[in-house]
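Novice: Coordinates in upload22.tsv, TSV, C-alpha atoms, are listed below.
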```tsv
chain	number	residue	atom	x	y	z
A	1	MET	CA	5.45	-23.00	-22.49
A	2	THR	CA	5.44	-19.33	-21.53
A	3	THR	CA	2.98	-16.72	-22.60
A	4	GLU	CA	4.19	-13.21	-23.26
A	5	ILE	CA	2.67	-10.60	-21.01
A	6	GLN	CA	1.65	-7.39	-22.73
A	7	LYS	CA	3.37	-4.58	-20.88
A	8	PRO	CA	1.61	-1.25	-20.69
A	9	SER	CA	3.09	1.04	-23.35
A	10	ASN	CA	3.28	4.07	-21.08
A	11	THR	CA	2.69	5.02	-17.48
A	12	THR	CA	-0.56	6.84	-18.24
A	13	VAL	CA	-3.12	4.25	-17.23
A	14	ASP	CA	-6.79	4.55	-16.43
A	15	GLU	CA	-7.11	3.45	-12.80
A	16	THR	CA	-10.16	1.33	-13.62
A	17	GLU	CA	-8.03	-0.68	-16.07
A	18	LEU	CA	-5.71	-1.74	-13.27
A	19	HIS	CA	-8.42	-4.03	-11.90
A	20	GLN	CA	-8.07	-6.05	-15.10
A	21	TYR	CA	-4.27	-6.28	-15.02
A	22	SER	CA	-2.58	-9.54	-14.16
A	23	GLU	CA	-0.02	-9.62	-11.37
A	24	GLN	CA	2.74	-9.67	-14.01
A	25	GLN	CA	1.30	-6.60	-15.74
A	26	LEU	CA	1.04	-4.73	-12.43
A	27	MET	CA	4.67	-5.57	-11.66
A	28	ALA	CA	5.83	-4.50	-15.14
A	29	LEU	CA	4.07	-1.17	-14.65
A	30	TYR	CA	5.36	-0.73	-11.09
A	31	LEU	CA	8.95	-1.30	-12.16
A	32	ARG	CA	8.68	1.59	-14.63
A	33	LEU	CA	7.25	4.09	-12.15
A	34	GLU	CA	9.19	6.54	-9.98
A	35	ALA	CA	9.05	7.11	-6.25
A	36	PRO	CA	7.34	10.25	-4.97
A	37	GLN	CA	9.28	12.75	-2.89
A	38	LEU	CA	8.79	12.12	0.83
A	39	ASN	CA	7.40	15.63	1.39
A	40	GLU	CA	4.59	14.80	-1.09
A	41	MET	CA	3.43	11.99	1.17
A	42	GLU	CA	2.18	13.90	4.19
A	43	GLY	CA	-1.54	13.78	4.77
A	44	GLU	CA	-4.56	11.53	4.40
A	45	PHE	CA	-4.75	9.10	1.47
A	46	ALA	CA	-7.78	7.09	0.37
A	47	GLY	CA	-6.97	3.47	-0.41
A	48	GLU	CA	-8.25	0.84	-2.81
A	49	TRP	CA	-7.26	-2.83	-2.89
A	50	LEU	CA	-6.61	-4.41	-6.31
A	51	ASP	CA	-7.67	-7.99	-5.62
A	52	ARG	CA	-7.90	-9.35	-9.16
A	53	GLU	CA	-5.26	-12.08	-8.83
A	54	ALA	CA	-4.39	-11.92	-5.17
A	55	PRO	CA	-3.15	-15.27	-3.88
A	56	PHE	CA	-5.51	-17.25	-1.64
A	57	PHE	CA	-3.46	-16.77	1.54
A	58	SER	CA	-3.09	-13.04	0.90
A	59	LYS	CA	-6.84	-12.68	0.30
A	60	LEU	CA	-7.55	-14.63	3.48
A	61	MET	CA	-5.16	-12.50	5.56
A	62	TRP	CA	-6.65	-9.32	4.08
A	63	LYS	CA	-10.24	-10.38	4.71
A	64	LEU	CA	-9.44	-11.49	8.27
A	65	SER	CA	-7.55	-8.34	9.14
A	66	ALA	CA	-8.86	-5.37	7.22
A	67	TYR	CA	-11.80	-5.98	4.94
A	68	ASN	CA	-15.39	-6.62	6.03
A	69	ASN	CA	-14.07	-7.40	9.46
A	70	TRP	CA	-16.12	-6.65	12.59
A	71	SER	CA	-13.06	-6.79	14.83
A	72	ASN	CA	-10.71	-4.31	13.14
A	73	GLY	CA	-13.02	-2.55	10.70
A	74	ILE	CA	-12.97	-1.98	6.96
A	75	TRP	CA	-9.81	-0.50	5.46
A	76	GLN	CA	-10.23	3.04	4.10
A	77	GLY	CA	-6.68	4.21	3.45
A	78	LYS	CA	-3.51	5.46	5.11
A	79	SER	CA	-2.35	8.62	6.82
A	80	PHE	CA	1.20	9.92	7.11
A	81	GLN	CA	3.01	12.55	9.14
A	82	LEU	CA	6.61	13.58	8.51
A	83	LEU	CA	8.87	13.80	11.55
A	84	SER	CA	11.90	15.09	9.61
A	85	GLN	CA	13.07	15.49	6.01
A	86	ASN	CA	14.02	11.80	5.95
A	87	HIS	CA	11.30	9.88	7.77
A	88	GLY	CA	7.93	9.90	9.45
A	89	TRP	CA	5.18	7.64	10.63
A	90	GLY	CA	1.72	6.66	9.61
A	91	PHE	CA	-1.33	4.50	10.23
A	92	ASN	CA	-3.90	2.48	8.37
A	93	THR	CA	-7.37	3.98	8.72
A	94	LEU	CA	-10.37	1.67	9.08
A	95	LYS	CA	-14.09	2.32	9.38
A	96	LYS	CA	-15.58	0.54	12.39
A	97	PHE	CA	-19.18	0.84	13.58
A	98	GLY	CA	-19.59	4.19	11.80
A	99	GLY	CA	-16.40	5.72	13.21
A	100	LEU	CA	-12.80	5.69	12.07
A	101	VAL	CA	-9.94	4.01	13.88
A	102	ARG	CA	-6.18	3.97	13.34
A	103	ARG	CA	-4.39	0.63	13.31
A	104	TRP	CA	-1.01	-0.85	12.50
A	105	PRO	CA	1.46	2.04	12.78
A	106	MET	CA	4.35	2.17	10.35
A	107	HIS	CA	7.66	3.94	9.80
A	108	ILE	CA	7.82	5.81	6.47
A	109	HIS	CA	10.82	6.80	4.36
A	110	ILE	CA	12.22	6.58	0.84
A	111	ALA	CA	14.15	3.32	0.43
A	112	PRO	CA	15.24	0.86	-2.26
A	113	SER	CA	12.51	-1.44	-3.54
A	114	ARG	CA	12.72	-5.11	-2.76
A	115	TYR	CA	11.94	-5.78	-6.44
A	116	ASP	CA	14.39	-3.65	-8.43
A	117	GLY	CA	16.50	-1.62	-5.99
A	118	LYS	CA	15.12	1.72	-7.24
A	119	ASN	CA	13.66	4.17	-4.75
A	120	SER	CA	10.13	3.66	-3.49
A	121	PHE	CA	7.96	5.20	-0.79
A	122	SER	CA	8.54	2.56	1.87
A	123	LEU	CA	6.31	1.68	4.83
A	124	ARG	CA	7.86	-0.61	7.45
A	125	TYR	CA	5.56	-1.98	10.14
A	126	GLY	CA	8.32	-3.81	12.02
A	127	HIS	CA	9.32	-0.63	13.89
A	128	TYR	CA	6.13	-0.79	15.97
A	129	TYR	CA	4.41	-3.47	18.01
A	130	SER	CA	1.35	-4.80	16.18
A	131	LEU	CA	0.38	-7.90	14.22
A	132	CYS	CA	1.73	-6.21	11.07
A	133	GLY	CA	4.91	-5.42	12.97
A	134	LEU	CA	5.34	-9.02	14.10
A	135	LEU	CA	4.90	-10.22	10.50
A	136	ASP	CA	7.30	-7.46	9.36
A	137	VAL	CA	4.80	-6.30	6.74
A	138	GLN	CA	6.32	-3.86	4.27
A	139	ASP	CA	4.48	-1.71	1.75
A	140	GLU	CA	6.08	0.22	-1.06
A	141	PHE	CA	4.55	2.73	-3.47
A	142	ARG	CA	5.43	4.59	-6.65
A	143	ARG	CA	3.63	7.44	-8.35
A	144	LEU	CA	1.16	6.46	-11.09
A	145	ASP	CA	0.02	10.05	-11.68
A	146	ASP	CA	-0.31	13.32	-9.75
A	147	ASN	CA	-3.11	11.99	-7.57
A	148	CYS	CA	-2.53	8.23	-7.45
A	149	LEU	CA	0.15	5.81	-6.31
A	150	LEU	CA	0.48	2.13	-7.15
A	151	GLY	CA	1.76	0.01	-4.32
A	152	LEU	CA	2.21	-3.45	-3.02
A	153	ALA	CA	2.45	-5.12	0.36
A	154	HIS	CA	4.56	-8.13	1.22
A	155	TYR	CA	5.38	-10.10	4.34
A	156	ARG	CA	8.72	-11.24	5.61
A	157	PRO	CA	9.18	-14.82	4.44
A	158	ILE	CA	8.13	-17.15	7.26
A	159	LEU	CA	10.13	-20.38	7.52
A	160	GLY	CA	11.29	-19.87	3.95
A	161	PHE	CA	7.71	-19.50	2.71
A	162	SER	CA	7.27	-16.33	0.68
A	163	ILE	CA	3.85	-14.81	-0.02
A	164	ARG	CA	3.13	-13.04	-3.30
A	165	PRO	CA	2.47	-9.32	-2.94
A	166	MET	CA	-0.94	-7.69	-2.60
A	167	TRP	CA	-1.59	-4.63	-4.80
A	168	PHE	CA	-3.11	-1.29	-3.79
A	169	LEU	CA	-3.90	2.18	-5.03
A	170	MET	CA	-3.57	5.25	-2.82
A	171	LYS	CA	-5.25	8.47	-3.90
A	172	GLY	CA	-4.47	11.88	-2.54
A	173	PRO	CA	-3.57	13.45	-0.38
A	174	VAL	CA	-7.21	14.21	0.29
A	175	GLY	CA	-6.21	16.51	3.15
A	176	GLN	CA	-3.67	17.24	5.83
A	177	PHE	CA	-2.72	14.63	8.40
A	178	ASP	CA	-5.52	14.45	10.93
A	179	ALA	CA	-5.39	12.06	13.86
A	180	SER	CA	-9.17	11.62	13.70
A	181	GLY	CA	-9.13	10.50	10.06
A	182	HIS	CA	-12.41	12.32	9.34
A	183	LEU	CA	-11.25	13.31	5.83
A	184	LEU	CA	-11.56	9.70	4.64
A	185	LYS	CA	-15.32	9.44	5.29
```
Here is the file; what I need is its structure written in the form of C-alpha coordinates.
Specialist:
Amino acid sequence: MTTEIQKPSNTTVDETELHQYSEQQLMALYLRLEAPQLNEMEGEFAGEWLDREAPFFSKLMWKLSAYNNWSNGIWQGKSFQLLSQNHGWGFNTLKKFGGLVRRWPMHIHIAPSRYDGKNSFSLRYGHYYSLCGLLDVQDEFRRLDDNCLLGLAHYRPILGFSIRPMWFLMKGPVGQFDASGHLLK
(Lines of atoms letter the chains of each structure in order from A and count residues from 1; the text may use other names and numbers.)
(Lines give C-alpha, C1' and ligand atoms only; values in the text may rest on other atoms or scores of the structure.)
Protein backbone atom coordinates (compact mmCIF):
# COMPACT_ATOMS: atom_id res chain seq x y z
CA MET A 1 0.00 0.00 0.00
CA THR A 2 1.38 3.42 -0.91
CA THR A 3 0.47 6.71 0.62
CA GLU A 4 0.30 9.78 -1.55
CA ILE A 5 2.75 12.49 -0.62
CA GLN A 6 1.35 16.00 -0.67
CA LYS A 7 3.61 18.01 -2.94
CA PRO A 8 4.09 21.68 -2.15
CA SER A 9 1.79 23.70 -4.43
CA ASN A 10 4.41 26.32 -5.25
CA THR A 11 8.06 27.05 -4.63
CA THR A 12 7.33 29.78 -2.09
CA VAL A 13 7.88 27.94 1.16
CA ASP A 14 8.50 29.19 4.67
CA GLU A 15 11.95 27.88 5.59
CA THR A 16 10.73 26.79 9.02
CA GLU A 17 8.18 24.51 7.32
CA LEU A 18 10.97 22.58 5.64
CA HIS A 19 11.91 21.03 8.98
CA GLN A 20 8.52 19.30 8.92
CA TYR A 21 8.79 18.00 5.35
CA SER A 22 9.36 14.33 4.71
CA GLU A 23 12.26 13.26 2.53
CA GLN A 24 9.80 12.69 -0.33
CA GLN A 25 8.36 16.19 0.05
CA LEU A 26 11.84 17.73 0.07
CA MET A 27 12.72 15.83 -3.11
CA ALA A 28 9.46 16.85 -4.81
CA LEU A 29 10.22 20.48 -4.00
CA TYR A 30 13.88 20.20 -5.04
CA LEU A 31 12.96 18.73 -8.42
CA ARG A 32 10.83 21.81 -9.18
CA LEU A 33 13.50 24.36 -8.27
CA GLU A 34 16.04 25.94 -10.62
CA ALA A 35 19.80 26.17 -10.31
CA PRO A 36 21.34 29.53 -9.43
CA GLN A 37 23.80 31.17 -11.79
CA LEU A 38 27.38 30.35 -10.82
CA ASN A 39 28.27 34.04 -10.40
CA GLU A 40 25.56 34.28 -7.70
CA MET A 41 27.41 31.72 -5.62
CA GLU A 42 30.55 33.60 -4.69
CA GLY A 43 30.90 34.49 -1.04
CA GLU A 44 30.10 33.23 2.44
CA PHE A 45 26.90 31.24 3.03
CA ALA A 46 25.40 30.29 6.39
CA GLY A 47 24.25 26.68 6.54
CA GLU A 48 21.50 24.76 8.28
CA TRP A 49 21.05 20.99 8.34
CA LEU A 50 17.51 19.61 7.85
CA ASP A 51 17.72 16.43 9.91
CA ARG A 52 14.03 15.54 10.19
CA GLU A 53 14.20 12.16 8.45
CA ALA A 54 17.90 11.71 7.88
CA PRO A 55 18.86 8.04 7.73
CA PHE A 56 20.71 6.60 10.74
CA PHE A 57 24.04 6.18 8.92
CA SER A 58 23.86 9.70 7.48
CA LYS A 59 23.09 11.16 10.92
CA LEU A 60 25.97 9.19 12.41
CA MET A 61 28.42 10.35 9.72
CA TRP A 62 27.23 13.95 10.14
CA LYS A 63 27.53 13.90 13.93
CA LEU A 64 30.98 12.27 13.79
CA SER A 65 32.32 14.66 11.18
CA ALA A 66 30.68 18.05 11.45
CA TYR A 67 28.18 18.52 14.24
CA ASN A 68 28.98 18.82 17.95
CA ASN A 69 32.37 17.37 17.20
CA TRP A 70 35.44 18.37 19.22
CA SER A 71 37.83 17.16 16.52
CA ASN A 72 36.57 19.02 13.45
CA GLY A 73 34.23 21.59 14.96
CA ILE A 74 30.58 22.47 14.43
CA TRP A 75 29.45 23.13 10.86
CA GLN A 76 28.49 26.76 10.17
CA GLY A 77 28.18 26.93 6.39
CA LYS A 78 30.16 27.07 3.16
CA SER A 79 32.29 29.60 1.33
CA PHE A 80 32.92 29.81 -2.40
CA GLN A 81 35.35 31.61 -4.68
CA LEU A 82 35.05 31.63 -8.47
CA LEU A 83 38.22 30.91 -10.42
CA SER A 84 36.62 31.47 -13.85
CA GLN A 85 33.16 31.86 -15.39
CA ASN A 86 32.73 28.08 -15.29
CA HIS A 87 34.16 26.85 -12.00
CA GLY A 88 35.63 27.66 -8.64
CA TRP A 89 36.38 26.16 -5.28
CA GLY A 90 35.05 26.31 -1.78
CA PHE A 91 35.25 25.05 1.79
CA ASN A 92 33.02 24.03 4.64
CA THR A 93 33.34 26.40 7.58
CA LEU A 94 33.26 25.02 11.12
CA LYS A 95 33.41 26.66 14.53
CA LYS A 96 36.11 25.10 16.70
CA PHE A 97 37.12 26.29 20.18
CA GLY A 98 35.72 29.77 19.49
CA GLY A 99 37.47 30.20 16.14
CA LEU A 100 36.55 29.26 12.60
CA VAL A 101 38.32 26.67 10.48
CA ARG A 102 37.99 25.62 6.84
CA ARG A 103 37.68 21.93 6.06
CA TRP A 104 36.89 19.63 3.15
CA PRO A 105 37.65 21.67 0.02
CA MET A 106 35.42 21.21 -3.00
CA HIS A 107 35.27 22.02 -6.70
CA ILE A 108 32.19 24.07 -7.66
CA HIS A 109 30.39 24.37 -10.99
CA ILE A 110 26.95 24.09 -12.58
CA ALA A 111 26.28 20.48 -13.57
CA PRO A 112 23.39 18.07 -14.17
CA SER A 113 21.70 16.77 -11.04
CA ARG A 114 22.06 13.14 -10.16
CA TYR A 115 18.29 13.08 -9.55
CA ASP A 116 16.70 14.60 -12.66
CA GLY A 117 19.47 15.71 -15.02
CA LYS A 118 18.54 19.41 -14.73
CA ASN A 119 21.21 21.92 -13.78
CA SER A 120 22.20 22.31 -10.15
CA PHE A 121 24.93 24.14 -8.26
CA SER A 122 27.30 21.20 -7.86
CA LEU A 123 30.00 20.71 -5.23
CA ARG A 124 32.42 17.84 -5.84
CA TYR A 125 34.79 16.93 -3.03
CA GLY A 126 36.61 14.21 -5.00
CA HIS A 127 38.89 16.79 -6.68
CA TYR A 128 40.75 17.34 -3.39
CA TYR A 129 42.37 15.08 -0.83
CA SER A 130 40.22 14.85 2.30
CA LEU A 131 37.86 12.35 3.91
CA CYS A 132 35.01 13.88 1.88
CA GLY A 133 37.17 13.55 -1.22
CA LEU A 134 37.90 9.89 -0.53
CA LEU A 135 34.17 9.21 -0.10
CA ASP A 136 33.49 11.27 -3.26
CA VAL A 137 30.89 13.34 -1.42
CA GLN A 138 28.80 15.47 -3.76
CA ASP A 139 26.45 18.29 -2.81
CA GLU A 140 23.98 19.94 -5.12
CA PHE A 141 21.79 23.00 -4.55
CA ARG A 142 18.91 24.83 -6.19
CA ARG A 143 17.44 28.22 -5.40
CA LEU A 144 14.48 28.25 -3.00
CA ASP A 145 14.24 32.05 -2.95
CA ASP A 146 16.52 35.08 -3.37
CA ASN A 147 18.36 34.40 -0.13
CA CYS A 148 18.08 30.64 0.36
CA LEU A 149 19.09 27.46 -1.44
CA LEU A 150 17.84 23.93 -0.82
CA GLY A 151 20.47 21.28 -1.21
CA LEU A 152 21.39 17.72 -0.57
CA ALA A 153 24.56 15.74 -0.05
CA HIS A 154 25.18 12.19 -1.16
CA TYR A 155 28.09 9.78 -1.13
CA ARG A 156 29.41 7.63 -3.91
CA PRO A 157 27.87 4.19 -3.47
CA ILE A 158 30.33 1.99 -1.57
CA LEU A 159 30.32 -1.68 -2.58
CA GLY A 160 26.91 -1.18 -4.14
CA PHE A 161 25.52 0.30 -0.92
CA SER A 162 23.85 3.64 -1.55
CA ILE A 163 23.14 6.13 1.24
CA ARG A 164 20.05 8.34 1.16
CA PRO A 165 20.80 12.04 0.80
CA MET A 166 21.14 14.53 3.64
CA TRP A 167 19.27 17.84 3.23
CA PHE A 168 20.57 21.36 3.86
CA LEU A 169 19.70 25.02 3.55
CA MET A 170 22.27 27.64 2.58
CA LYS A 171 21.47 31.30 3.20
CA GLY A 172 23.26 34.19 1.64
CA PRO A 173 25.64 35.24 0.54
CA VAL A 174 26.18 36.93 3.88
CA GLY A 175 29.33 38.57 2.54
CA GLN A 176 32.23 38.29 0.13
CA PHE A 177 34.53 35.28 0.17
CA ASP A 178 36.86 35.66 3.12
CA ALA A 179 39.48 33.06 3.91
CA SER A 180 39.06 33.73 7.64
CA GLY A 181 35.32 33.00 7.58
CA HIS A 182 34.63 35.73 10.16
CA LEU A 183 31.34 36.68 8.47
CA LEU A 184 29.72 33.44 9.66
CA LYS A 185 30.11 34.20 13.38
Novice: Give me, as a list in words, all polymer residues having an atom no more than 9 Å from Ala46 in chain A, counting all atoms listed in the file and skipping those fewer than 5 positions away in the same chain.
Specialist: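 Neighbouring residues, sequence-local ones excluded: Gln76, Gly77, Lys78, Ser79, Thr93, Leu169, Met170, Lys171, Gly172, Pro173, Val174, Leu183 and Leu184 of chain A.
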Novice: How far is it from CA of His107 in chain A to CA of Gly88 in chain A, in Å with one decimal?
Specialist: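 Atom-to-atom, CA of His107 in chain A and CA of Gly88 in chain A are spaced 6.0 Å apart.
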Novice: To one decimal place, how far is CA of Thr16 in chain A from CA of Pro105 in chain A in Å?
Specialist: 28.9 Å
Novice: Excluding same-chain residues fewer than 4 positions from Glu15 in chain A, what lies within 12 Å of it counting only C-alpha atoms, as an mmCIF file with C-alpha atoms, in the coordinates of the input?
Specialist:
```cif
data_model
loop_
_atom_site.group_PDB
_atom_site.id
_atom_site.type_symbol
_atom_site.label_atom_id
_atom_site.label_comp_id
_atom_site.auth_asym_id
_atom_site.auth_seq_id
_atom_site.Cartn_x
_atom_site.Cartn_y
_atom_site.Cartn_z
ATOM 1 C CA THR A 11 2.690 5.020 -17.480
ATOM 2 C CA HIS A 19 -8.420 -4.030 -11.900
ATOM 3 C CA GLN A 20 -8.070 -6.050 -15.100
ATOM 4 C CA TYR A 21 -4.270 -6.280 -15.020
ATOM 5 C CA LEU A 26 1.040 -4.730 -12.430
ATOM 6 C CA GLU A 48 -8.250 0.840 -2.810
ATOM 7 C CA TRP A 49 -7.260 -2.830 -2.890
ATOM 8 C CA LEU A 50 -6.610 -4.410 -6.310
ATOM 9 C CA LEU A 144 1.160 6.460 -11.090
ATOM 10 C CA ASP A 145 0.020 10.050 -11.680
ATOM 11 C CA ASN A 147 -3.110 11.990 -7.570
ATOM 12 C CA CYS A 148 -2.530 8.230 -7.450
ATOM 13 C CA LEU A 149 0.150 5.810 -6.310
ATOM 14 C CA LEU A 150 0.480 2.130 -7.150
ATOM 15 C CA PHE A 168 -3.110 -1.290 -3.790
ATOM 16 C CA LEU A 169 -3.900 2.180 -5.030
ATOM 17 C CA MET A 170 -3.570 5.250 -2.820
ATOM 18 C CA LYS A 171 -5.250 8.470 -3.900
#
```
Novice: Which residue is closest to Asp146 in chain A? Choose from A:Phe80, A:Leu18, A:Met41, A:Arg32 and count only C-alpha atoms.
Specialist: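 Closest candidate: A:Met41.
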Novice: From the list A:Pro36, A:Glu17, A:Leu31, A:Gly47, which residue is nearest Asp116 in chain A when using all atoms listed in the file?
Specialist: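 Counting all atoms listed in the file, the residue closest to Asp116 in chain A is A:Leu31.
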Novice: Between A:Asn39, A:Ala28, A:Glu44, A:Glu23, which one has atoms that come closest to Gly175 in chain A, using only C-alpha atoms?
Specialist: A:Glu44
Novice: Which one of A:Asp51, A:Gly73, A:Phe45, A:Pro165 sits closest to Tyr115 in chain A if you count all atoms listed in the file?
Specialist: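 Looking only at the distances to Tyr115 in chain A, the closest residue turns out to be A:Pro165.
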